[in-house]
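*Asks:* As input, take entry-v1.cif (mmCIF, C-alpha atoms and all ligand atoms):
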```cif
data_model
loop_
_atom_site.label_atom_id
_atom_site.label_comp_id
_atom_site.auth_asym_id
_atom_site.auth_seq_id
_atom_site.Cartn_x
_atom_site.Cartn_y
_atom_site.Cartn_z
CA SER A 3 0.00 0.00 0.00
CA ASP A 4 0.90 3.67 -0.24
CA ILE A 5 1.94 4.02 3.37
CA GLU A 6 4.28 1.06 3.54
CA LYS A 7 7.85 1.77 2.66
CA GLY A 8 8.46 -1.91 1.86
CA ALA A 9 11.99 -2.41 0.58
CA TYR A 10 12.82 1.28 0.85
CA PRO A 11 15.24 2.37 3.59
CA TYR A 12 13.38 5.67 3.98
CA TYR A 13 9.95 7.06 3.15
CA MET A 14 11.58 10.00 1.40
CA LEU A 15 13.14 7.75 -1.24
CA LYS A 16 9.85 5.94 -1.74
CA GLU A 17 8.03 9.24 -2.08
CA ILE A 18 10.54 10.53 -4.63
CA ASP A 19 9.95 7.29 -6.56
CA ASP A 20 6.16 7.72 -6.31
CA GLN A 21 6.23 10.91 -8.40
CA PRO A 22 5.80 9.44 -11.91
CA ALA A 23 2.72 7.54 -10.69
CA VAL A 24 1.38 10.69 -9.01
CA MET A 25 1.72 12.67 -12.26
CA ARG A 26 -0.24 9.93 -14.09
CA ARG A 27 -2.89 9.82 -11.37
CA ILE A 28 -3.40 13.58 -11.65
CA VAL A 29 -3.92 13.20 -15.41
CA GLN A 30 -6.44 10.45 -14.71
CA GLU A 31 -8.31 12.38 -12.03
CA TYR A 32 -8.40 15.77 -13.73
CA THR A 33 -8.61 15.15 -17.48
CA ASP A 34 -10.91 13.11 -19.71
CA THR A 35 -10.04 10.81 -22.60
CA LEU A 36 -10.10 13.77 -24.99
CA GLY A 37 -7.52 15.59 -22.88
CA ARG A 38 -10.05 18.13 -21.57
CA THR A 39 -9.76 19.24 -17.95
CA VAL A 40 -12.28 17.92 -15.43
CA ILE A 41 -12.66 20.51 -12.70
CA ASP A 42 -15.73 21.79 -10.83
CA GLU A 43 -17.31 24.50 -13.03
CA ASP A 44 -18.00 26.72 -10.01
CA ILE A 45 -14.29 26.94 -9.24
CA ILE A 46 -13.55 27.95 -12.82
CA LYS A 47 -16.33 30.55 -12.85
CA GLN A 48 -15.17 32.11 -9.59
CA ILE A 49 -11.55 32.35 -10.72
CA THR A 50 -12.49 33.64 -14.16
CA ALA A 51 -14.54 36.37 -12.48
CA SER A 52 -11.69 37.40 -10.19
CA ASP A 53 -9.19 40.15 -10.95
CA ARG A 54 -6.35 38.72 -8.84
CA ILE A 55 -5.39 35.38 -7.37
CA TYR A 56 -3.72 35.24 -3.96
CA VAL A 57 -1.77 32.06 -3.22
CA ILE A 58 -1.24 31.51 0.51
CA ALA A 59 1.09 28.82 1.89
CA CYS A 60 4.05 27.85 4.09
CA GLY A 61 7.30 25.99 3.53
CA THR A 62 7.50 23.72 0.52
CA SER A 63 3.92 24.54 -0.45
CA TYR A 64 4.90 28.22 -0.61
CA ASN A 65 7.75 27.34 -2.96
CA ALA A 66 5.32 25.38 -5.15
CA GLY A 67 3.11 28.48 -5.20
CA TRP A 68 5.78 30.50 -7.01
CA VAL A 69 6.02 27.94 -9.78
CA GLY A 70 2.21 27.88 -9.93
CA LYS A 71 2.10 31.67 -10.25
CA ALA A 72 4.14 31.59 -13.44
CA ILE A 73 1.88 28.94 -14.99
CA LEU A 74 -1.39 30.57 -13.83
CA GLU A 75 -0.45 34.00 -15.15
CA LYS A 76 0.59 32.61 -18.52
CA MET A 77 -2.56 30.54 -18.97
CA THR A 78 -5.19 32.82 -17.41
CA ASN A 79 -3.87 36.40 -17.79
CA ILE A 80 -4.94 37.00 -14.20
CA PRO A 81 -2.26 38.53 -11.93
CA VAL A 82 -1.14 36.20 -9.12
CA GLU A 83 0.46 37.10 -5.80
CA VAL A 84 2.18 34.50 -3.61
CA HIS A 85 2.31 35.07 0.14
CA LEU A 86 3.63 33.36 3.25
CA SER A 87 0.70 32.65 5.53
CA SER A 88 2.53 33.83 8.64
CA GLU A 89 3.24 37.21 7.04
CA PHE A 90 -0.06 37.72 5.26
CA GLY A 91 -2.08 37.03 8.40
CA TYR A 92 -0.66 39.97 10.30
CA ASN A 93 0.20 42.34 7.46
CA MET A 94 -2.50 41.90 4.90
CA PRO A 95 -1.67 43.82 1.71
CA LEU A 96 -4.23 45.99 -0.03
CA LEU A 97 -6.49 43.56 -1.81
CA SER A 98 -7.87 43.89 -5.33
CA ASP A 99 -11.62 44.39 -5.90
CA ASN A 100 -12.38 40.73 -6.68
CA PRO A 101 -9.70 38.56 -5.11
CA PHE A 102 -9.69 34.76 -5.22
CA PHE A 103 -7.71 32.85 -2.60
CA ILE A 104 -5.87 29.59 -3.15
CA PHE A 105 -4.51 27.85 -0.06
CA LEU A 106 -1.77 25.32 -0.73
CA SER A 107 -1.26 22.80 2.06
CA GLN A 108 -0.12 19.21 1.86
CA SER A 109 -1.60 18.39 5.27
CA GLY A 110 -4.50 20.83 5.19
CA GLU A 111 -3.81 21.46 8.88
CA THR A 112 -1.20 24.23 8.98
CA ALA A 113 -2.31 26.77 11.58
CA ASP A 114 -0.56 29.72 9.92
CA SER A 115 -2.54 29.11 6.74
CA ARG A 116 -5.77 28.43 8.58
CA GLN A 117 -5.72 31.79 10.36
CA VAL A 118 -5.57 33.52 6.96
CA LEU A 119 -8.50 31.44 5.72
CA VAL A 120 -10.49 32.44 8.82
CA GLN A 121 -9.83 36.11 8.02
CA THR A 122 -10.63 35.90 4.30
CA SER A 123 -13.80 33.94 5.03
CA GLU A 124 -14.90 36.62 7.50
CA LEU A 125 -14.43 39.10 4.67
CA GLY A 126 -16.64 36.89 2.50
CA LEU A 127 -13.89 36.21 -0.06
CA PRO A 128 -13.92 33.02 -2.17
CA SER A 129 -11.37 30.33 -1.41
CA LEU A 130 -10.00 27.06 -2.74
CA THR A 131 -7.73 24.64 -0.88
CA LEU A 132 -5.30 22.37 -2.72
CA THR A 133 -4.46 19.62 -0.28
CA ASN A 134 -3.39 16.02 -0.08
CA VAL A 135 -5.78 15.22 2.77
CA ALA A 136 -9.51 14.92 2.11
CA GLY A 137 -11.55 16.21 5.04
CA SER A 138 -8.65 18.21 6.48
CA THR A 139 -9.38 21.49 8.27
CA LEU A 140 -8.39 23.75 5.36
CA SER A 141 -10.40 21.59 3.00
CA ARG A 142 -13.53 21.72 5.17
CA GLU A 143 -13.30 25.44 5.80
CA ALA A 144 -12.62 26.66 2.25
CA ASP A 145 -15.38 27.03 -0.36
CA TYR A 146 -13.73 24.50 -2.66
CA THR A 147 -11.13 21.74 -2.55
CA LEU A 148 -8.91 20.12 -5.15
CA LEU A 149 -7.11 17.02 -3.93
CA LEU A 150 -3.47 16.38 -4.82
CA HIS A 151 -3.92 12.60 -5.12
CA ALA A 152 -0.29 12.12 -4.13
CA GLY A 153 -0.97 9.37 -1.59
CA PRO A 154 0.14 9.74 2.04
CA GLU A 155 3.37 11.69 2.45
CA ILE A 156 5.18 10.50 5.57
CA ALA A 157 8.72 11.89 5.31
CA VAL A 158 8.99 15.33 6.91
CA ALA A 159 10.80 16.63 3.83
CA SER A 160 8.04 17.11 1.27
CA THR A 161 8.71 15.84 -2.25
CA LYS A 162 5.72 14.39 -4.08
CA ALA A 163 3.33 16.96 -2.60
CA TYR A 164 5.46 19.72 -4.18
CA THR A 165 5.29 18.25 -7.68
CA ALA A 166 1.62 17.33 -7.21
CA GLN A 167 0.76 20.90 -6.20
CA ILE A 168 2.46 22.29 -9.30
CA ALA A 169 0.76 19.73 -11.55
CA VAL A 170 -2.72 20.39 -10.12
CA LEU A 171 -2.18 24.16 -10.37
CA ALA A 172 -1.19 23.64 -14.02
CA VAL A 173 -4.42 21.72 -14.67
CA LEU A 174 -6.39 24.46 -12.93
CA ALA A 175 -4.58 27.13 -14.97
CA LYS A 176 -5.45 25.26 -18.15
CA ALA A 177 -9.12 24.92 -17.12
CA VAL A 178 -9.44 28.66 -16.42
CA GLY A 179 -7.42 29.62 -19.51
CA ASP A 180 -9.61 27.45 -21.73
CA SER A 181 -12.77 28.99 -20.29
CA LYS A 182 -11.37 32.39 -21.31
CA ALA A 183 -10.36 30.94 -24.70
CA ASN A 184 -6.78 32.06 -24.21
CA PRO A 185 -4.72 30.80 -27.16
CA SER A 186 -1.74 29.85 -24.94
CA SER A 187 -4.09 27.69 -22.88
CA LEU A 188 -5.97 26.13 -25.81
CA ASP A 189 -2.60 25.04 -27.25
CA PHE A 190 -1.48 23.48 -23.96
CA ASP A 191 -2.09 19.73 -23.96
CA ILE A 192 -1.76 19.25 -20.21
CA ALA A 193 -2.57 15.52 -20.19
CA HIS A 194 0.12 14.83 -22.76
CA GLU A 195 2.69 17.12 -21.13
CA LEU A 196 2.22 15.58 -17.68
CA SER A 197 2.54 12.09 -19.18
CA VAL A 198 5.84 13.13 -20.79
CA ILE A 199 6.92 14.50 -17.41
CA ALA A 200 6.13 11.18 -15.70
CA THR A 201 8.46 9.39 -18.11
CA VAL A 202 11.21 11.99 -17.72
CA ILE A 203 11.01 11.77 -13.92
CA GLU A 204 11.47 7.99 -14.24
CA SER A 205 14.58 8.50 -16.34
CA ILE A 206 16.05 10.91 -13.78
CA ILE A 207 15.33 8.57 -10.88
CA ALA A 208 17.03 5.76 -12.82
CA GLU A 209 20.24 7.80 -12.53
CA LYS A 210 20.14 8.09 -8.77
CA MET A 211 23.46 6.30 -8.22
CA THR A 212 25.20 8.83 -10.46
CA ILE A 213 23.74 11.59 -8.32
CA SER A 214 24.79 9.79 -5.15
CA GLN A 215 28.41 9.66 -6.33
CA LEU A 216 28.48 13.29 -7.42
CA VAL A 217 26.96 14.37 -4.13
CA GLU A 218 29.60 12.55 -2.10
CA ASP A 219 32.20 14.63 -3.85
CA TYR A 220 30.47 17.97 -3.38
CA LEU A 221 28.56 17.74 -0.12
CA ALA A 222 30.12 15.14 2.19
CA THR A 223 31.95 17.71 4.32
CA THR A 224 30.92 21.20 3.17
CA ARG A 225 29.57 23.74 5.65
CA ASN A 226 27.35 25.52 3.16
CA ALA A 227 26.00 25.38 -0.38
CA PHE A 228 24.05 27.58 -2.77
CA TYR A 229 21.46 27.04 -5.45
CA ILE A 230 21.06 29.76 -8.08
CA GLY A 231 18.75 30.35 -11.02
CA ARG A 232 16.44 32.92 -12.58
CA GLY A 233 12.66 32.89 -12.92
CA VAL A 234 11.33 29.38 -12.49
CA ASP A 235 14.91 28.19 -11.90
CA TYR A 236 15.08 30.59 -8.96
CA TYR A 237 11.83 29.20 -7.56
CA VAL A 238 13.24 25.68 -7.89
CA SER A 239 16.46 26.89 -6.21
CA MET A 240 14.41 28.06 -3.21
CA GLU A 241 12.84 24.63 -2.81
CA ALA A 242 16.07 22.73 -3.58
CA SER A 243 17.93 24.62 -0.87
CA LEU A 244 15.10 24.18 1.65
CA LYS A 245 15.18 20.43 1.00
CA LEU A 246 18.95 20.29 1.43
CA LYS A 247 19.12 22.34 4.61
CA GLU A 248 16.14 20.80 6.40
CA ILE A 249 17.48 17.25 6.33
CA SER A 250 21.28 17.42 5.78
CA TYR A 251 21.79 20.50 8.00
CA ILE A 252 24.12 21.99 5.39
CA GLN A 253 23.50 25.71 5.46
CA ALA A 254 21.95 26.12 2.03
CA GLU A 255 20.35 29.12 0.33
CA GLY A 256 18.54 29.57 -2.96
CA PHE A 257 19.25 32.84 -4.74
CA ALA A 258 18.15 34.72 -7.79
CA ALA A 259 21.32 34.27 -9.83
CA GLY A 260 21.61 37.94 -10.77
CA GLU A 261 21.23 39.12 -7.18
CA LEU A 262 24.20 37.13 -5.91
CA LYS A 263 26.71 39.81 -6.80
CA HIS A 264 24.79 42.35 -4.70
CA GLY A 265 25.85 40.77 -1.43
CA THR A 266 25.81 37.03 -1.10
CA ILE A 267 28.83 36.49 -3.34
CA ALA A 268 30.88 37.54 -0.28
CA LEU A 269 30.16 34.05 1.13
CA ILE A 270 31.80 32.21 -1.76
CA GLU A 271 35.07 30.60 -0.72
CA GLU A 272 37.45 28.04 -2.16
CA MET A 273 35.37 24.87 -2.90
CA THR A 274 31.97 26.28 -1.91
CA PRO A 275 29.42 24.18 -3.82
CA VAL A 276 27.15 26.25 -6.09
CA PHE A 277 24.35 24.45 -7.92
CA GLY A 278 23.09 26.26 -11.01
CA VAL A 279 19.62 25.42 -12.35
CA ILE A 280 19.23 26.17 -16.07
CA THR A 281 15.95 25.34 -17.82
CA ASP A 282 14.89 28.68 -19.30
CA LYS A 283 16.23 29.71 -22.70
CA LYS A 284 15.92 33.43 -22.12
CA THR A 285 17.99 33.44 -18.92
CA ALA A 286 20.38 30.52 -19.49
CA ALA A 287 23.29 32.66 -20.70
CA HIS A 288 22.87 35.10 -17.82
CA THR A 289 22.87 32.36 -15.20
CA ARG A 290 25.95 30.85 -16.84
CA GLY A 291 27.59 34.26 -16.51
CA ASN A 292 26.76 34.27 -12.78
CA LEU A 293 28.21 30.77 -12.44
CA LYS A 294 31.45 32.05 -13.99
CA GLU A 295 31.55 34.87 -11.45
CA VAL A 296 31.37 32.47 -8.51
CA GLU A 297 33.77 30.02 -10.11
CA SER A 298 36.41 32.73 -10.43
CA ARG A 299 36.04 33.25 -6.66
CA GLY A 300 36.71 29.59 -5.95
CA ALA A 301 33.24 28.03 -6.08
CA ARG A 302 32.77 24.49 -7.25
CA ASN A 303 29.90 24.56 -9.73
CA PHE A 304 27.35 21.83 -10.30
CA VAL A 305 25.07 22.56 -13.24
CA ILE A 306 21.62 20.99 -13.66
CA ALA A 307 20.54 21.88 -17.20
CA LEU A 308 17.81 21.08 -19.66
CA SER A 309 19.18 19.03 -22.54
CA SER A 310 18.60 21.69 -25.21
CA LEU A 311 20.51 24.26 -23.10
CA ALA A 312 23.24 21.95 -21.79
CA LYS A 313 26.99 22.20 -22.18
CA GLU A 314 29.27 19.19 -22.25
CA THR A 315 30.76 20.09 -18.87
CA ASP A 316 27.37 20.18 -17.10
CA GLN A 317 27.12 17.69 -14.24
CA PHE A 318 23.48 16.70 -14.70
CA VAL A 319 21.39 16.97 -17.86
CA ILE A 320 17.61 16.50 -17.91
CA PRO A 321 15.48 15.76 -20.98
CA ASP A 322 13.43 18.65 -22.39
CA VAL A 323 9.81 19.06 -21.29
CA HIS A 324 7.17 21.77 -21.84
CA PRO A 325 8.81 25.15 -20.99
CA LEU A 326 6.17 26.00 -18.35
CA LEU A 327 6.63 22.70 -16.52
CA THR A 328 10.40 22.40 -16.20
CA ALA A 329 10.23 22.72 -12.40
CA LEU A 330 8.52 19.31 -12.28
CA VAL A 331 11.69 17.69 -13.60
CA SER A 332 14.52 20.01 -12.48
CA ILE A 333 13.44 19.54 -8.84
CA ILE A 334 13.97 15.75 -9.00
CA PRO A 335 17.80 15.71 -8.99
CA THR A 336 17.74 18.26 -6.15
CA GLN A 337 15.50 15.99 -4.05
CA LEU A 338 17.97 13.17 -4.63
CA ILE A 339 20.90 15.47 -3.83
CA ALA A 340 19.31 16.30 -0.46
CA TYR A 341 18.55 12.64 0.20
CA PHE A 342 22.05 11.35 -0.53
CA ALA A 343 23.82 14.23 1.22
CA THR A 344 21.84 13.41 4.35
CA LEU A 345 22.61 9.68 4.16
CA GLN A 346 26.29 10.35 3.60
CA ARG A 347 26.46 12.72 6.54
CA GLY A 348 24.80 10.11 8.73
CA TYR A 349 21.44 11.66 9.61
CA ASP A 350 17.92 10.27 9.70
CA VAL A 351 16.42 11.30 6.36
CA ASP A 352 12.79 10.99 7.43
CA LYS A 353 13.01 12.63 10.85
CA PRO A 354 15.06 15.81 10.85
CA ARG A 355 15.61 17.49 14.21
CA ASN A 356 13.28 20.32 15.27
CA LEU A 357 10.80 19.79 12.42
CA ALA A 358 7.29 18.38 12.32
CA LYS A 359 5.34 17.10 9.34
CA SER A 360 2.48 19.42 10.06
CA VAL A 361 2.60 22.48 12.29
CA THR A 362 -0.69 23.14 14.03
CA VAL A 363 0.43 26.10 16.12
CA GLU A 364 0.93 29.65 14.87
C1 LIG A 401 5.86 22.04 7.92
C2 LIG A 401 6.63 20.95 7.17
C3 LIG A 401 7.02 21.44 5.77
C4 LIG A 401 5.79 21.94 5.04
C5 LIG A 401 5.09 23.06 5.82
C6 LIG A 401 3.75 23.41 5.20
O1 LIG A 401 6.72 23.03 8.36
O2 LIG A 401 7.79 20.57 7.88
O3 LIG A 401 7.60 20.37 5.05
O4 LIG A 401 6.15 22.40 3.77
O5 LIG A 401 4.82 22.62 7.15
O6 LIG A 401 2.91 22.31 5.33
P1 LIG A 401 1.57 22.11 4.56
O7 LIG A 401 1.01 20.81 5.08
O8 LIG A 401 0.69 23.29 4.89
O9 LIG A 401 1.89 22.06 3.11
#
```
Let me see the file written as structure tokens.

*Replies:*
Amino acid sequence: SDIEKGAYPYYMLKEIDDQPAVMRRIVQEYTDTLGRTVIDEDIIKQITASDRIYVIACGTSYNAGWVGKAILEKMTNIPVEVHLSSEFGYNMPLLSDNPFFIFLSQSGETADSRQVLVQTSELGLPSLTLTNVAGSTLSREADYTLLLHAGPEIAVASTKAYTAQIAVLAVLAKAVGDSKANPSSLDFDIAHELSVIATVIESIIAEKMTISQLVEDYLATTRNAFYIGRGVDYYVSMEASLKLKEISYIQAEGFAAGELKHGTIALIEEMTPVFGVITDKKTAAHTRGNLKEVESRGARNFVIALSSLAKETDQFVIPDVHPLLTALVSIIPTQLIAYFATLQRGYDVDKPRNLAKSVTVE
């Protein structure tokens, strides 16, 4: 069953491996045999009628929200803001005239997110929860729910819920975009693209021993590490560094590649590992330039690049997928990097110190 780790040494590895099946399940649950999206019409109507979408979340779900923003804006032409629940709750920004709220929460129980939902509901504003847990608090209290269908996630470090959130947001974006007859949405064959992604994720996971060896070299003893990228590659860098730091205890940060030189580059020393994420054609050359800057200050670069943008010297190359969905594949090697770094440094992958799977206090 889904909650048995069977032959796996850790739930996290099992949950990383679950991801191709989760992508296929999302296609099954949310599209029909003609590739059309299957989503509650009321949700689509409400979002189509709104002038701004507010995505509210914590932790890994927050990082998924940023990737979702890029897809939603492209497909729907509706502006999207992404906020941390714990900030939004006490410093609510000026809202638009017709806001629509999307709460992202694997557990559906996060207190920081719930307190925002209580406030927005008091204001009478429409809300949708994307969660992995049917009947959870955030699901019951929001107007609408879309389930992630990722199966139980046990490891504290979230993996399959992240990719599931992005995939379901992409389906939702397509559904709203189609209802507005947006050409970019009508051309987007989400069922096909997610099926391609499932296969690509499998091919990346098949290379896990290569990643394990590379990681040993880069991360066995380092004190810190950086992930850099631009646009969606920056959003992936935020999640990749969160994954790495929360379980391996390596001090890791994700940075917008171009911002590095405005401060953080001071931290680069001889042999500091810097992971560059390159999946976007329009920023690839710029991020490569930033990688050169850190290399000349002693950094040891590790490049994760999309095949069509790759150079021979890149450490890890991933097959091309739809340009709006690259996060779903570029995140996979970074999950494995965090997993193997933690094993090699001798920590319990599934139970990092000081962290809980779901945080029900503000
Ligand atoms: C906790 C977990 C994180 C998770 C965050 C949000 O802090 O340790 O892994 O991303 O809560 O959880 P949620 O269930 O709301 O997605």

*Asks:* Could you list the protein, DNA and RNA residues that have any atom within 9 Å of ligand LIG 401 (chain A), counting all atoms listed in the file, and write them as an MDAnalysis selection string?

*Replies:* chainID A and resid 59:65 105:115 133:134 157:161 163:164 245 248 357:362

*Asks:* Just want the 8 Å neighbourhood of segment 30-36 of chain A, counted on all atoms listed in the file, with same-chain residues fewer than 5 positions away dropped. Output as a ChimeraX atom specification.

*Replies:* /A:41,173,193

*Asks:* Within 10 Å of segment 263-271 of chain A, which residues of segment 133-249 of chain A show up? Give each one with its shortest atom-to-atom distance in Å (one decimal) and the two atoms involved, counting only C-alpha atoms, rows by chain then rising residue number, as JSON lines.

*Replies:*
```
{"residue": "A:Asn226", "atom": "CA", "partner": "A:Leu269", "partner_atom": "CA", "distance": 9.2}
{"residue": "A:Ala227", "atom": "CA", "partner": "A:Ile270", "partner_atom": "CA", "distance": 9.1}
{"residue": "A:Phe228", "atom": "CA", "partner": "A:Ile270", "partner_atom": "CA", "distance": 9.1}
```

*Asks:* Calculate how many Å separate atom CA of Lys283 of chain A from atom CA of Pro325 of chain A, rounding to one decimal.

*Replies:* 8.9 Å

*Asks:* Figure out the distance between atom CA of Lys7 of chain A and atom CA of Ala169 of chain A, please, to one decimal in Å.

*Replies:*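 Result for atom CA of Ala169 of chain A versus atom CA of Lys7 of chain A: 24.0 Å, one decimal.
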
*Asks:* For Gly300 of chain A, which of A:Gly233, A:Met273, A:His324, A:Ala287 is the closest residue, counting only C-alpha atoms?

*Replies:*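 Closest candidate: A:Met273.
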
*Asks:* Closest to Thr165 of chain A among A:Asn100, A:Gln21, A:Thr78, A:Thr224, using all atoms listed in the file?

*Replies:*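 Closest residue, counting all atoms listed in the file: A:Gln21.
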
*Asks:* Might you pull out every residue within 12 Å of Val198 of chain A, with all atoms listed in the file counted and same-chain residues fewer than 6 positions away left off, and present them as a PyMOL selection string?

*Replies:* chain A and resi 22-23+25-26+29+191-192+204-205+321-324+327-328+330-331

*Asks:* Write a file of the selected residues as a compact mmCIF listing (two decimals), keeping the file's coordinate frame, keeping C-alpha atoms.

*Replies:*
```
# COMPACT_ATOMS: atom_id res chain seq x y z
CA PRO A 22 5.80 9.44 -11.91
CA ALA A 23 2.72 7.54 -10.69
CA MET A 25 1.72 12.67 -12.26
CA ARG A 26 -0.24 9.93 -14.09
CA VAL A 29 -3.92 13.20 -15.41
CA ASP A 191 -2.09 19.73 -23.96
CA ILE A 192 -1.76 19.25 -20.21
CA GLU A 204 11.47 7.99 -14.24
CA SER A 205 14.58 8.50 -16.34
CA PRO A 321 15.48 15.76 -20.98
CA ASP A 322 13.43 18.65 -22.39
CA VAL A 323 9.81 19.06 -21.29
CA HIS A 324 7.17 21.77 -21.84
CA LEU A 327 6.63 22.70 -16.52
CA THR A 328 10.40 22.40 -16.20
CA LEU A 330 8.52 19.31 -12.28
CA VAL A 331 11.69 17.69 -13.60
```

*Asks:* Can you tell me which residues surround Ile339 of chain A at a distance of at most 8 Å, considering all atoms listed in the file, apart from same-chain residues fewer than 5 positions away, and format the answer as a PyMOL selection string?

*Replies:* chain A and resi 213-214+217+246

*Asks:* Just to confirm, what's the straight-line distance from atom CA of Ala329 of chain A to atom CA of Leu130 of chain A in Å (one decimal)?

*Replies:*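 Interatomic distance, atom CA of Ala329 of chain A to atom CA of Leu130 of chain A: 22.8 Å.
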
*Asks:* So which one's closest to Glu272 of chain A, A:Ser250, A:Ser88, A:Ser138, A:Ser298? Using all atoms listed in the file, please.

*Replies:*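 Of all the options, A:Ser298 lies closest to Glu272 of chain A.
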
*Asks:* Near Ile168 of chain A, counting all atoms listed in the file, which residues have an atom at most 7 Å away, once you skip same-chain residues fewer than 6 positions from it, shown as a ChimeraX atom specification?

*Replies:* /A:66,69-70

*Asks:* For a quick check of understanding, using only C-alpha atoms, which of A:Glu218, A:Thr139, A:Asp19, A:Thr50 has the smallest distance to Ala183 of chain A?

*Replies:*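 Using only C-alpha atoms, the shortest distance to Ala183 of chain A belongs to A:Thr50.
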
*Asks:* Hey, which of A:Ser181, A:Thr289, A:Thr122, A:Thr131 ends up closest to Pro101 of chain A? Count only C-alpha atoms.

*Replies:*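 Selected residue with least distance to Pro101 of chain A: A:Thr122.
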
*Asks:* Hey, which of A:Gln121, A:Ser87, A:Ser129, A:Gln167 ends up closest to Ile104 of chain A? Count all atoms listed in the file.

*Replies:*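 When distances to Ile104 of chain A are compared using all atoms listed in the file, the smallest one comes from A:Ser129.
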
*Asks:* Set the distance at 10 Å and use all atoms listed in the file: which residues neighbour Phe257 of chain A once local chain neighbours fewer than 4 positions away are removed? I'd like the list as an MDAnalysis selection string.

*Replies:* chainID A and resid 228:232 235:240 243 261:262 266 278

*Asks:* Around all the atoms of segment 9-26 of chain A listed in the file, with 8 Å of room on each side, what axis-aligned box do you get, giving centre and edge lengths in Å to one decimal, as JSON?

*Replies:*
```
{"center_x": 7.5, "center_y": 5.1, "center_z": -5.1, "size_x": 31.5, "size_y": 31.1, "size_z": 34.1}
```
